[in-house]
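**Student:** Input final.tsv, format and content: TSV, C-alpha atoms and all ligand atoms.
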chain	number	residue	atom	x	y	z
A	1	MET	CA	62.82	82.63	96.99
A	2	LYS	CA	65.76	84.75	95.98
A	3	ILE	CA	65.28	88.35	94.90
A	4	HIS	CA	66.05	87.54	91.23
A	5	THR	CA	63.09	85.15	91.19
A	6	GLN	CA	60.79	87.43	93.19
A	7	ALA	CA	61.50	90.33	90.82
A	8	VAL	CA	60.13	88.48	87.78
A	9	HIS	CA	57.16	86.70	89.39
A	10	ALA	CA	55.64	88.60	92.32
A	11	GLY	CA	52.51	90.68	91.69
A	12	ASP	CA	51.85	89.45	88.13
A	13	ARG	CA	49.54	86.82	86.60
A	14	LYS	CA	46.18	87.52	88.22
A	15	LYS	CA	43.16	85.75	86.79
A	16	ALA	CA	41.15	88.02	84.48
A	17	GLY	CA	38.08	85.97	83.54
A	18	PRO	CA	39.02	82.65	81.93
A	19	HIS	CA	42.56	83.74	81.07
A	20	ILE	CA	45.60	84.91	82.99
A	21	PRO	CA	47.73	87.66	81.43
A	22	VAL	CA	51.43	86.91	81.65
A	23	THR	CA	52.16	90.49	82.64
A	24	THR	CA	49.85	92.94	84.38
A	25	PRO	CA	47.98	95.21	81.94
A	26	ILE	CA	47.70	99.00	82.25
A	27	HIS	CA	44.31	99.57	83.84
A	28	THR	CA	43.32	103.10	82.88
A	29	ALA	CA	39.75	103.14	84.22
A	30	ALA	CA	39.16	105.86	86.79
A	31	SER	CA	36.13	104.07	88.25
A	32	TYR	CA	34.37	100.70	88.19
A	33	PHE	CA	30.76	99.61	88.15
A	34	TYR	CA	29.04	96.35	89.09
A	35	GLU	CA	25.91	94.49	88.07
A	36	SER	CA	24.15	95.69	91.21
A	37	MET	CA	24.33	98.63	93.59
A	38	ASP	CA	24.40	96.14	96.47
A	39	GLN	CA	27.69	94.76	95.24
A	40	LEU	CA	29.18	98.24	94.72
A	41	ASP	CA	28.10	99.07	98.25
A	42	ARG	CA	29.92	95.99	99.59
A	43	VAL	CA	33.06	96.96	97.65
A	44	PHE	CA	32.93	100.53	98.98
A	45	GLY	CA	32.43	99.14	102.46
A	46	GLN	CA	35.41	96.80	101.96
A	47	GLU	CA	33.23	93.77	102.79
A	48	GLU	CA	33.99	92.39	99.33
A	49	HIS	CA	37.25	92.77	97.45
A	50	GLY	CA	36.95	94.82	94.29
A	51	TYR	CA	37.77	98.15	92.74
A	52	SER	CA	35.61	101.23	92.97
A	53	TYR	CA	37.74	104.29	92.23
A	54	ALA	CA	41.33	104.58	91.02
A	55	ARG	CA	42.43	106.90	93.81
A	56	TYR	CA	41.57	104.12	96.27
A	57	GLU	CA	42.99	101.16	94.37
A	58	ASN	CA	43.91	100.31	90.82
A	59	PRO	CA	44.84	96.78	89.63
A	60	SER	CA	48.08	97.97	87.98
A	61	ASN	CA	49.19	99.64	91.20
A	62	VAL	CA	48.08	96.70	93.34
A	63	ALA	CA	50.34	94.40	91.30
A	64	LEU	CA	53.31	96.73	91.80
A	65	GLU	CA	52.49	97.09	95.50
A	66	GLU	CA	52.46	93.30	95.88
A	67	LEU	CA	55.79	93.07	94.09
A	68	MET	CA	57.39	95.71	96.28
A	69	THR	CA	55.93	94.12	99.43
A	70	VAL	CA	57.64	90.86	98.48
A	71	LEU	CA	60.95	92.51	97.54
A	72	GLU	CA	61.07	94.43	100.82
A	73	ASN	CA	59.54	91.63	102.93
A	74	GLY	CA	56.89	93.98	104.28
A	75	HIS	CA	53.20	93.64	105.07
A	76	GLY	CA	51.88	95.98	102.37
A	77	ALA	CA	52.78	98.92	100.16
A	78	LEU	CA	51.47	102.10	98.60
A	79	ALA	CA	52.64	103.17	95.15
A	80	CYS	CA	52.98	106.95	95.01
A	81	SER	CA	53.40	109.55	92.28
A	82	SER	CA	57.01	110.34	93.28
A	83	GLY	CA	59.65	109.47	95.84
A	84	MET	CA	58.91	112.72	97.66
A	85	ALA	CA	55.19	111.88	97.86
A	86	ALA	CA	56.20	108.51	99.34
A	87	ILE	CA	58.46	110.12	101.96
A	88	GLN	CA	55.71	112.53	102.92
A	89	MET	CA	53.15	109.72	103.21
A	90	ALA	CA	55.49	107.66	105.39
A	91	ALA	CA	56.33	110.59	107.66
A	92	VAL	CA	52.71	111.73	108.03
A	93	THR	CA	51.57	108.16	108.77
A	94	ALA	CA	54.39	107.68	111.29
A	95	LEU	CA	53.39	110.87	113.09
A	96	ALA	CA	49.62	110.25	112.93
A	97	ASP	CA	49.30	108.91	116.47
A	98	ARG	CA	52.68	109.97	117.85
A	99	ARG	CA	54.44	113.08	119.12
A	100	LYS	CA	54.81	115.65	116.35
A	101	SER	CA	58.56	115.58	116.41
A	102	VAL	CA	61.07	114.19	113.89
A	103	VAL	CA	64.73	113.37	114.47
A	104	ALA	CA	66.27	113.22	111.01
A	105	ALA	CA	69.69	112.31	109.69
A	106	ASN	CA	72.02	115.22	108.99
A	107	ALA	CA	72.77	113.67	105.63
A	108	LEU	CA	69.64	113.50	103.49
A	109	TYR	CA	68.50	114.28	99.95
A	110	GLY	CA	67.95	118.07	99.63
A	111	ALA	CA	64.22	117.87	98.90
A	112	THR	CA	63.73	115.71	102.01
A	113	VAL	CA	65.37	118.44	104.10
A	114	SER	CA	63.05	120.90	102.37
A	115	LEU	CA	60.00	118.70	103.08
A	116	LEU	CA	60.93	118.63	106.77
A	117	LEU	CA	61.68	122.34	107.11
A	118	ASN	CA	59.26	123.91	104.65
A	119	VAL	CA	56.27	121.57	104.80
A	120	LEU	CA	56.22	119.68	108.11
A	121	GLU	CA	57.80	122.23	110.47
A	122	PRO	CA	55.32	125.02	109.60
A	123	THR	CA	52.47	122.64	110.57
A	124	GLY	CA	53.91	122.32	114.07
A	125	VAL	CA	56.22	119.34	113.66
A	126	ALA	CA	59.50	119.86	115.54
A	127	VAL	CA	62.49	118.88	113.39
A	128	ARG	CA	65.96	118.12	114.62
A	129	PHE	CA	68.94	116.94	112.58
A	130	VAL	CA	71.64	114.68	113.97
A	131	ASP	CA	74.50	112.50	112.78
A	132	VAL	CA	72.71	109.12	112.85
A	133	CYS	CA	76.01	107.28	112.30
A	134	ASP	CA	76.96	108.44	115.83
A	135	LEU	CA	74.68	106.32	118.01
A	136	GLU	CA	75.55	108.25	121.15
A	137	ALA	CA	74.61	111.57	119.53
A	138	LEU	CA	71.43	109.99	118.14
A	139	GLY	CA	70.55	108.56	121.58
A	140	ALA	CA	70.98	111.99	123.18
A	141	ALA	CA	68.87	113.68	120.48
A	142	VAL	CA	66.14	111.08	120.89
A	143	ALA	CA	66.14	111.45	124.68
A	144	GLU	CA	65.77	115.22	124.34
A	145	ALA	CA	63.42	115.53	121.35
A	146	LYS	CA	61.26	112.47	122.16
A	147	PRO	CA	60.47	112.06	118.46
A	148	GLY	CA	57.46	110.33	116.97
A	149	CYS	CA	59.56	109.54	113.92
A	150	ILE	CA	63.21	108.96	113.06
A	151	LEU	CA	64.05	109.47	109.39
A	152	ILE	CA	67.24	108.17	107.76
A	153	GLU	CA	68.62	107.09	104.38
A	154	THR	CA	70.22	103.62	104.18
A	155	ILE	CA	73.07	105.07	102.11
A	156	SER	CA	73.01	108.84	102.35
A	157	ASN	CA	72.79	111.21	99.40
A	158	PRO	CA	75.43	112.25	98.27
A	159	LEU	CA	78.21	111.35	100.74
A	160	LEU	CA	77.17	107.72	101.16
A	161	ARG	CA	77.15	107.48	104.94
A	162	VAL	CA	75.69	104.25	106.36
A	163	GLY	CA	74.07	104.15	109.80
A	164	GLN	CA	73.59	100.98	111.82
A	165	ILE	CA	69.98	100.54	110.85
A	166	ASP	CA	69.23	97.71	113.30
A	167	ARG	CA	70.63	99.66	116.28
A	168	ILE	CA	68.78	102.79	115.16
A	169	ALA	CA	65.59	100.70	114.97
A	170	GLU	CA	66.18	99.48	118.55
A	171	LEU	CA	66.60	103.08	119.72
A	172	ALA	CA	63.43	104.09	117.89
A	173	ARG	CA	61.42	101.22	119.33
A	174	ALA	CA	62.58	101.95	122.87
A	175	ALA	CA	61.57	105.59	122.45
A	176	GLY	CA	58.17	104.76	120.91
A	177	ALA	CA	59.18	106.34	117.58
A	178	ALA	CA	58.59	104.92	114.12
A	179	LEU	CA	61.65	104.46	111.92
A	180	VAL	CA	61.30	105.63	108.31
A	181	VAL	CA	64.14	104.56	106.00
A	182	ASP	CA	64.70	105.95	102.52
A	183	ASN	CA	66.13	102.86	100.85
A	184	THR	CA	66.51	104.39	97.38
A	185	PHE	CA	70.33	104.22	97.15
A	186	ALA	CA	70.63	100.72	98.64
A	187	THR	CA	67.59	99.00	97.04
A	188	PRO	CA	66.27	95.70	98.46
A	189	LEU	CA	69.22	93.92	96.84
A	190	ILE	CA	71.49	95.40	99.51
A	191	MET	CA	69.11	96.13	102.38
A	192	ARG	CA	65.59	95.25	103.46
A	193	PRO	CA	64.99	97.82	106.22
A	194	LEU	CA	61.84	96.15	107.60
A	195	GLU	CA	63.87	93.00	108.34
A	196	ARG	CA	66.18	95.22	110.42
A	197	GLY	CA	63.37	96.67	112.48
A	198	ALA	CA	62.30	99.73	110.47
A	199	ASN	CA	58.59	100.47	110.16
A	200	PHE	CA	58.65	102.07	106.72
A	201	SER	CA	60.94	101.51	103.75
A	202	VAL	CA	60.56	104.20	101.12
A	203	HIS	CA	61.85	104.39	97.55
A	204	SER	CA	62.04	106.79	94.74
A	205	LEU	CA	60.99	104.27	92.08
A	206	THR	CA	62.34	106.80	89.59
A	207	LYS	CA	65.83	105.44	90.33
A	208	TYR	CA	67.14	101.84	90.31
A	209	LEU	CA	63.82	100.04	90.50
A	210	ALA	CA	62.26	101.49	87.34
A	211	GLY	CA	65.78	102.07	86.11
A	212	HIS	CA	65.37	103.50	82.61
A	213	GLY	CA	64.92	107.22	83.17
A	214	ASP	CA	61.31	107.22	81.98
A	215	VAL	CA	59.26	107.01	85.18
A	216	LEU	CA	58.63	109.31	88.13
A	217	GLY	CA	57.33	107.30	91.04
A	218	GLY	CA	57.68	106.31	94.66
A	219	VAL	CA	56.61	103.59	97.05
A	220	VAL	CA	56.13	103.12	100.77
A	221	VAL	CA	56.44	99.57	102.10
A	222	THR	CA	55.30	99.15	105.67
A	223	ASP	CA	54.50	96.74	108.49
A	224	GLN	CA	51.17	95.41	109.71
A	225	HIS	CA	50.77	98.10	112.34
A	226	HIS	CA	50.90	101.05	109.91
A	227	LEU	CA	49.34	99.74	106.70
A	228	GLU	CA	45.73	100.60	107.44
A	229	SER	CA	46.47	104.17	108.44
A	230	LEU	CA	48.78	104.61	105.40
A	231	ARG	CA	45.89	103.52	103.17
A	232	THR	CA	43.35	105.72	104.96
A	233	LEU	CA	45.60	108.76	104.57
A	234	SER	CA	46.22	107.93	100.93
A	235	ARG	CA	42.50	107.77	100.19
A	236	ALA	CA	42.16	111.27	101.65
A	237	ILE	CA	45.30	112.81	100.11
A	238	GLY	CA	45.45	110.96	96.76
A	239	PRO	CA	49.21	110.82	96.11
A	240	VAL	CA	48.88	107.67	93.98
A	241	LEU	CA	50.94	106.53	91.02
A	242	GLY	CA	49.39	106.46	87.53
A	243	PRO	CA	48.78	103.03	85.94
A	244	PHE	CA	51.17	103.62	83.02
A	245	GLU	CA	54.00	104.40	85.45
A	246	SER	CA	53.09	101.28	87.43
A	247	TYR	CA	53.41	99.21	84.29
A	248	LEU	CA	56.78	100.71	83.36
A	249	THR	CA	58.05	100.23	86.90
A	250	MET	CA	57.03	96.57	87.03
A	251	ARG	CA	58.70	96.03	83.68
A	252	GLY	CA	61.84	97.72	85.01
A	253	ILE	CA	61.89	95.76	88.26
A	254	LYS	CA	62.10	92.41	86.44
A	255	THR	CA	65.70	93.21	85.51
A	256	PHE	CA	66.54	95.36	88.52
A	257	PRO	CA	68.63	92.76	90.42
A	258	LEU	CA	70.70	92.07	87.30
A	259	ARG	CA	71.17	95.75	86.52
A	260	MET	CA	71.97	96.60	90.12
A	261	GLU	CA	74.60	93.86	90.44
A	262	ARG	CA	76.26	95.08	87.26
A	263	GLN	CA	76.07	98.72	88.37
A	264	CYS	CA	77.54	97.88	91.78
A	265	GLY	CA	80.42	96.01	90.10
A	266	ASN	CA	81.05	98.89	87.69
A	267	ALA	CA	80.98	101.38	90.57
A	268	CYS	CA	83.71	99.41	92.40
A	269	ARG	CA	85.91	99.58	89.30
A	270	VAL	CA	85.27	103.29	88.74
A	271	ALA	CA	85.77	104.19	92.42
A	272	SER	CA	89.14	102.47	92.65
A	273	TRP	CA	90.29	104.09	89.38
A	274	LEU	CA	89.23	107.54	90.63
A	275	ALA	CA	91.01	107.00	93.96
A	276	SER	CA	94.40	106.99	92.25
A	277	HIS	CA	93.73	109.85	89.82
A	278	PRO	CA	95.99	112.86	90.46
A	279	ARG	CA	93.16	115.39	89.88
A	280	VAL	CA	90.84	113.72	92.39
A	281	GLU	CA	91.13	114.91	95.99
A	282	ARG	CA	88.81	112.42	97.65
A	283	VAL	CA	86.49	109.58	96.69
A	284	TYR	CA	83.39	108.70	98.70
A	285	PHE	CA	82.39	105.08	98.20
A	286	PRO	CA	81.14	102.50	100.74
A	287	ALA	CA	83.79	99.94	99.72
A	288	SER	CA	86.67	102.31	100.52
A	289	PRO	CA	88.76	100.90	103.40
A	290	ASP	CA	88.85	104.37	105.00
A	291	HIS	CA	85.07	104.85	104.85
A	292	PRO	CA	83.93	106.22	108.26
A	293	ASP	CA	81.20	103.56	108.48
A	294	ALA	CA	83.29	100.63	107.22
A	295	ALA	CA	82.42	98.42	110.22
A	296	ALA	CA	78.66	98.96	109.77
A	297	ILE	CA	78.95	98.29	106.04
A	298	ARG	CA	80.88	95.05	106.64
A	299	ARG	CA	78.29	93.91	109.15
A	300	LEU	CA	75.13	94.93	107.30
A	301	PHE	CA	75.78	94.75	103.55
A	302	PRO	CA	76.04	91.57	101.49
A	303	PRO	CA	79.54	90.87	100.15
A	304	HIS	CA	80.67	92.86	97.07
A	305	LEU	CA	77.57	95.06	96.91
A	306	TYR	CA	78.20	98.65	97.96
A	307	GLY	CA	75.68	100.57	95.85
A	308	ALA	CA	76.41	102.19	92.53
A	309	ILE	CA	76.97	105.82	93.44
A	310	VAL	CA	80.48	107.23	93.61
A	311	SER	CA	80.92	110.80	94.82
A	312	PHE	CA	84.24	112.58	94.49
A	313	GLU	CA	85.94	115.91	94.98
A	314	LEU	CA	88.20	117.50	92.40
A	315	LYS	CA	91.45	119.02	93.63
A	316	GLY	CA	91.32	122.81	93.92
A	317	ALA	CA	88.09	123.00	91.94
A	318	GLY	CA	85.27	125.51	92.31
A	319	ARG	CA	82.07	125.90	90.37
A	320	ALA	CA	83.83	127.02	87.14
A	321	GLU	CA	86.19	124.02	87.06
A	322	ILE	CA	83.35	121.62	87.88
A	323	PHE	CA	81.30	123.09	85.04
A	324	ARG	CA	84.29	122.73	82.65
A	325	PHE	CA	84.81	119.11	83.75
A	326	MET	CA	81.14	118.19	83.42
A	327	ASN	CA	80.76	120.00	80.09
A	328	ALA	CA	83.60	117.84	78.76
A	329	LEU	CA	81.79	114.54	79.51
A	330	ARG	CA	80.81	112.74	76.31
A	331	LEU	CA	79.26	109.50	77.56
A	332	VAL	CA	78.25	110.17	81.15
A	333	VAL	CA	74.99	112.13	81.04
A	334	ARG	CA	74.95	115.49	82.87
A	335	ALA	CA	71.52	115.30	84.50
A	336	THR	CA	69.68	115.19	87.78
A	337	SER	CA	68.65	111.72	88.93
A	338	LEU	CA	70.44	108.42	89.46
A	339	GLY	CA	70.01	104.71	89.09
A	340	ASP	CA	69.35	104.67	85.35
A	341	VAL	CA	70.96	102.18	82.98
A	342	HIS	CA	73.18	104.98	81.69
A	343	SER	CA	75.82	106.67	83.85
A	344	MET	CA	74.85	110.13	85.05
A	345	MET	CA	76.64	112.91	86.87
A	346	LEU	CA	75.17	115.63	89.01
A	347	TYR	CA	76.61	118.65	90.83
A	348	PRO	CA	74.94	118.50	94.30
A	349	VAL	CA	75.48	122.17	95.16
A	350	MET	CA	73.62	123.12	91.98
A	351	SER	CA	70.87	120.50	91.91
A	352	SER	CA	70.11	117.82	94.53
A	353	HIS	CA	71.13	120.05	97.46
A	354	ARG	CA	70.48	123.48	95.91
A	355	GLU	CA	67.59	124.22	98.29
A	356	VAL	CA	69.62	123.32	101.37
A	357	SER	CA	71.16	126.38	103.08
A	358	PRO	CA	74.95	126.76	102.71
A	359	LYS	CA	75.26	126.31	106.49
A	360	HIS	CA	73.33	123.05	106.46
A	361	ARG	CA	75.33	121.88	103.40
A	362	GLU	CA	78.54	122.59	105.30
A	363	ARG	CA	77.24	120.54	108.24
A	364	MET	CA	76.49	117.74	105.78
A	365	GLY	CA	80.04	117.99	104.38
A	366	ILE	CA	78.93	118.88	100.83
A	367	ARG	CA	81.64	121.05	99.34
A	368	ASP	CA	81.71	123.11	96.13
A	369	ASN	CA	84.18	120.69	94.50
A	370	LEU	CA	81.98	117.61	94.95
A	371	VAL	CA	80.27	115.73	92.12
A	372	ARG	CA	78.04	112.66	92.31
A	373	LEU	CA	78.33	109.93	89.73
A	374	SER	CA	75.60	107.32	89.26
A	375	VAL	CA	77.34	104.43	87.54
A	376	GLY	CA	75.35	102.72	84.80
A	377	ILE	CA	75.49	99.33	83.12
A	378	GLU	CA	77.89	100.35	80.32
A	379	ALA	CA	81.28	98.70	79.87
A	380	PRO	CA	83.32	100.07	82.80
A	381	GLU	CA	86.30	100.79	80.51
A	382	ASP	CA	84.13	103.24	78.55
A	383	ILE	CA	82.94	105.05	81.67
A	384	ILE	CA	86.53	105.34	82.90
A	385	GLU	CA	87.78	106.55	79.51
A	386	ASP	CA	85.14	109.28	79.47
A	387	LEU	CA	85.98	110.42	83.01
A	388	ASP	CA	89.67	110.40	82.13
A	389	GLN	CA	89.32	112.61	79.06
A	390	ALA	CA	87.02	115.00	80.95
A	391	LEU	CA	89.44	115.21	83.90
A	392	LYS	CA	92.28	115.99	81.47
A	393	SER	CA	90.25	118.83	80.03
A	401	LIG	C1	67.56	109.47	98.18
A	401	LIG	C2	66.40	110.08	97.46
A	401	LIG	N1	65.18	109.98	98.00
A	401	LIG	C3	64.09	110.50	97.39
A	401	LIG	C4	64.20	111.17	96.20
A	401	LIG	C5	62.99	111.78	95.59
A	401	LIG	O1	62.50	111.01	94.56
A	401	LIG	P1	61.57	111.57	93.41
A	401	LIG	O2	62.41	112.47	92.57
A	401	LIG	O3	61.08	110.34	92.70
A	401	LIG	O4	60.47	112.34	94.05
A	401	LIG	C6	65.45	111.30	95.59
A	401	LIG	C7	65.58	112.00	94.32
A	401	LIG	O5	66.66	112.24	93.82
A	401	LIG	C8	66.59	110.75	96.25
A	401	LIG	O6	67.82	110.85	95.74
What is this structure when it is put down as structure tokens?
**Tutor:**
Amino acid sequence: MKIHTQAVHAGDRKKAGPHIPVTTPIHTAASYFYESMDQLDRVFGQEEHGYSYARYENPSNVALEELMTVLENGHGALACSSGMAAIQMAAVTALADRRKSVVAANALYGATVSLLLNVLEPTGVAVRFVDVCDLEALGAAVAEAKPGCILIETISNPLLRVGQIDRIAELARAAGAALVVDNTFATPLIMRPLERGANFSVHSLTKYLAGHGDVLGGVVVTDQHHLESLRTLSRAIGPVLGPFESYLTMRGIKTFPLRMERQCGNACRVASWLASHPRVERVYFPASPDHPDAAAIRRLFPPHLYGAIVSFELKGAGRAEIFRFMNALRLVVRATSLGDVHSMMLYPVMSSHREVSPKHRERMGIRDNLVRLSVGIEAPEDIIEDLDQALKS
């Protein structure tokens, strides 16, 4: 079935006694009891399917996990309390029975860099950053570092670089490393990393999938080989999503393909308008003909879908001019996050990449005159009009 159909059907409509709820309810119980201790014992021992304790499994989360497994064409999933919790769970699972070494993309969300350097490295995990869009450089880094895990973003935050995920997966497999892909910016509408050979596809559900700016959540979708150990680690660590957030996320996902298509279309319009604006120095957008990864994008992305983030640099601007420009926005919301129904703008140096050292930011190519726009579902003319009046200010 197509993703539009999967998004409204998968996971829902489980039998609950004689009736079947049309949508999955919010199951708030922290624990479950049975008529007999023998049965509870079988459930704890996983000889019989059932629920015992919400940190282990919760019916609301199970429905969302089934939905995400279908959307990503994986073997199973774990719904987590945030995107960062999901990235940590994927990385820790990937490294569980492998060398404690990660080769990570140069271009990553700031908190992911922080997770690698401030959480994993101090526990003895070697971390090395490399330009994963340069397969030769990646090959050399892998040969040297012999990583247990390679970590990339499908479309990088915020400069929208796109690596050749299938070739990276081949490299990982040959080196015995697991490939973890943060698929937040691309979503399963544009990319299904597990179909391209990745072992883990991770999302911040907070973004396009939930889509309405009212949920913090994450998910790890994985293959058959890693699911059991992901679940075992989760039972010990307890990074799980709450049932109310599961419900909101499932509700959001039903319209996600429609929203995402609209947002991608709007982003194309906005990006081409920005490209000819005299106050704009440079636009970063995967559809741009001069995008450094244009060949990979042509080969790997479906036609006309390039994501819905547009990053751009303002001519001769520093922090003060960026603040003036962003303060002048009337429609586009000045806030951290992305993927919501409303357009949002963020200043990476100040927020998403604040914790990254200036040296590392320079290596990533994030300059002080760069802003990141998440294009919403509004009428594109209105988004453009707002940007125009703010640029004039
Ligand atoms: C690409 C990417 N991955 C992961 C995250 C983290 O997600 P969360 O804020 O849900 O923890 C973000 C947040 O902005 C992100 O942009």
**Student:** Please report the interatomic distance between atom CA of A:Arg330 and atom CA of A:Gln389 in Å with one decimal.
**Tutor:**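 It comes out at 8.9 Å.
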**Student:** Please determine, counting only C-alpha atoms, which residue among A:Asn157, A:Thr255, A:Asn369, A:Thr336 has the shortest atom-to-atom distance to A:Ala308.
**Tutor:**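 Smallest distance to A:Ala308 is found for A:Asn157.
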**Student:** Please find the residues contacting ligand LIG 401 (chain A) at a distance of at most 9 Å between atoms, with all atoms listed in the file counted, and report them as a PyMOL selection string.
**Tutor:** chain A and resi 81-87+108-112+153-158+182-185+202-207+215-218+336-338+352
**Student:** Those residues with C-alpha atoms, as a PDB file, keeping the file's coordinate frame please?
**Tutor:**
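Dumped everything to selection-v3.pdb:
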ATOM      1  CA  SER A  81      53.400 109.550  92.280  1.00  0.00           C
ATOM      2  CA  SER A  82      57.010 110.340  93.280  1.00  0.00           C
ATOM      3  CA  GLY A  83      59.650 109.470  95.840  1.00  0.00           C
ATOM      4  CA  MET A  84      58.910 112.720  97.660  1.00  0.00           C
ATOM      5  CA  ALA A  85      55.190 111.880  97.860  1.00  0.00           C
ATOM      6  CA  ALA A  86      56.200 108.510  99.340  1.00  0.00           C
ATOM      7  CA  ILE A  87      58.460 110.120 101.960  1.00  0.00           C
ATOM      8  CA  LEU A 108      69.640 113.500 103.490  1.00  0.00           C
ATOM      9  CA  TYR A 109      68.500 114.280  99.950  1.00  0.00           C
ATOM     10  CA  GLY A 110      67.950 118.070  99.630  1.00  0.00           C
ATOM     11  CA  ALA A 111      64.220 117.870  98.900  1.00  0.00           C
ATOM     12  CA  THR A 112      63.730 115.710 102.010  1.00  0.00           C
ATOM     13  CA  GLU A 153      68.620 107.090 104.380  1.00  0.00           C
ATOM     14  CA  THR A 154      70.220 103.620 104.180  1.00  0.00           C
ATOM     15  CA  ILE A 155      73.070 105.070 102.110  1.00  0.00           C
ATOM     16  CA  SER A 156      73.010 108.840 102.350  1.00  0.00           C
ATOM     17  CA  ASN A 157      72.790 111.210  99.400  1.00  0.00           C
ATOM     18  CA  PRO A 158      75.430 112.250  98.270  1.00  0.00           C
ATOM     19  CA  ASP A 182      64.700 105.950 102.520  1.00  0.00           C
ATOM     20  CA  ASN A 183      66.130 102.860 100.850  1.00  0.00           C
ATOM     21  CA  THR A 184      66.510 104.390  97.380  1.00  0.00           C
ATOM     22  CA  PHE A 185      70.330 104.220  97.150  1.00  0.00           C
ATOM     23  CA  VAL A 202      60.560 104.200 101.120  1.00  0.00           C
ATOM     24  CA  HIS A 203      61.850 104.390  97.550  1.00  0.00           C
ATOM     25  CA  SER A 204      62.040 106.790  94.740  1.00  0.00           C
ATOM     26  CA  LEU A 205      60.990 104.270  92.080  1.00  0.00           C
ATOM     27  CA  THR A 206      62.340 106.800  89.590  1.00  0.00           C
ATOM     28  CA  LYS A 207      65.830 105.440  90.330  1.00  0.00           C
ATOM     29  CA  VAL A 215      59.260 107.010  85.180  1.00  0.00           C
ATOM     30  CA  LEU A 216      58.630 109.310  88.130  1.00  0.00           C
ATOM     31  CA  GLY A 217      57.330 107.300  91.040  1.00  0.00           C
ATOM     32  CA  GLY A 218      57.680 106.310  94.660  1.00  0.00           C
ATOM     33  CA  THR A 336      69.680 115.190  87.780  1.00  0.00           C
ATOM     34  CA  SER A 337      68.650 111.720  88.930  1.00  0.00           C
ATOM     35  CA  LEU A 338      70.440 108.420  89.460  1.00  0.00           C
ATOM     36  CA  SER A 352      70.110 117.820  94.530  1.00  0.00           C
TER      37      SER A 352
END
**Student:** Enter the distance from atom CA of A:Tyr208 to atom CA of A:Leu248, in Å, rounded to one decimal.
**Tutor:**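 Separating atom CA of A:Tyr208 from atom CA of A:Leu248 is a distance of 12.5 Å.
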**Student:** Which polymer residues have any atom within 9 Å of an atom of A:Leu387, counting all atoms listed in the file, with same-chain residues fewer than 6 positions away left out, as a list in words?
**Tutor:** Leu274, Phe325, Ala328, Leu329, Arg330, Leu331 and Val332 of chain A
**Student:** Would you mind telling me which residue in A:Thr28, A:Asn266, A:Asn199, A:Asn327 lies nearest to A:Leu241 when using only C-alpha atoms?
**Tutor:**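 That would be A:Thr28, the residue with the smallest distance to A:Leu241.
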**Student:** So how far away is atom CA of A:Glu313 from atom CA of A:Val280, in Å?
**Tutor:**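 Spanning atom CA of A:Val280 to atom CA of A:Glu313 is a straight-line distance of 6.0 Å.
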**Student:** For A:Leu230, which of A:Asp386, A:Asp97, A:Asp38, A:Asp368 is the closest residue, counting only C-alpha atoms?
**Tutor:** A:Asp97
**Student:** Can you tell me which residues surround A:His75 at a distance of at most 9 Å, considering only C-alpha atoms, apart from same-chain residues fewer than 3 positions away, and format the answer as a VMD selection string?
**Tutor:** chain A and resid 69 to 70 72 221 to 225 227
**Student:** What residues have an atom no more than 7 Å from (74.0, 107.0, 110.2) in the file's own frame, counting all atoms listed in the file, and can you write them as a list in words?
**Tutor:**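 Here the neighbourhood of the point contains Ala105, Asp131, Val132, Cys133, Asp134, Arg161, Val162, Gly163 and Gln164 of chain A.
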**Student:** I want to know what sits within 10 Å of A:Leu300, based on all atoms listed in the file, with residues of the same chain fewer than 4 positions away left out; could you give that as a list of chain:residue names?
**Tutor:**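 After dropping sequence-adjacent residues, the list is A:Val162, A:Gly163, A:Gln164, A:Ile165, A:Asp166, A:Ile190, A:Met191, A:Arg196, A:Ala294, A:Ala295, A:Ala296.
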**Student:** Dump as CSV the rows for residues of stretch 171-286 of chain A within 12 Å of stretch 46-64 of chain A: closest atom pair and distance in Å with one decimal, all atoms listed in the file counted, ordered by chain and rising residue number.
**Tutor:**
residue,atom,partner,partner_atom,distance
A:Leu205,CA,A:Leu64,CA,10.8
A:Leu209,CA,A:Leu64,CA,11.1
A:Ala210,CA,A:Leu64,CA,11.1
A:Gly217,CA,A:Asn61,CA,11.2
A:Gly218,CA,A:Leu64,CA,10.9
A:Val219,CA,A:Leu64,CA,9.2
A:Val220,CA,A:Leu64,CA,11.4
A:Val221,CA,A:Leu64,CA,11.1
A:Leu230,CA,A:Tyr56,CA,11.6
A:Arg231,CA,A:Tyr56,CA,8.2
A:Thr232,CA,A:Tyr56,CA,9.0
A:Leu233,CA,A:Tyr56,CA,10.3
A:Ser234,CA,A:Tyr56,CA,7.6
A:Arg235,CA,A:Tyr56,CA,5.4
A:Ala236,CA,A:Tyr56,CA,9.0
A:Ile237,CA,A:Arg55,CA,9.1
A:Gly238,CA,A:Arg55,CA,5.9
A:Pro239,CA,A:Arg55,CA,8.2
A:Val240,CA,A:Arg55,CA,6.5
A:Leu241,CA,A:Asn61,CA,7.1
A:Gly242,CA,A:Asn61,CA,7.7
A:Pro243,CA,A:Ser60,CA,5.5
A:Phe244,CA,A:Ser60,CA,8.1
A:Glu245,CA,A:Asn61,CA,8.9
A:Ser246,CA,A:Asn61,CA,5.7
A:Tyr247,CA,A:Ser60,CA,6.6
A:Leu248,CA,A:Leu64,CA,10.0
A:Thr249,CA,A:Leu64,CA,7.7
A:Met250,CA,A:Leu64,CA,6.1
A:Arg251,CA,A:Leu64,CA,9.8
A:Gly252,CA,A:Leu64,CA,10.9
A:Ile253,CA,A:Leu64,CA,9.3
A:Lys254,CA,A:Leu64,CA,11.2
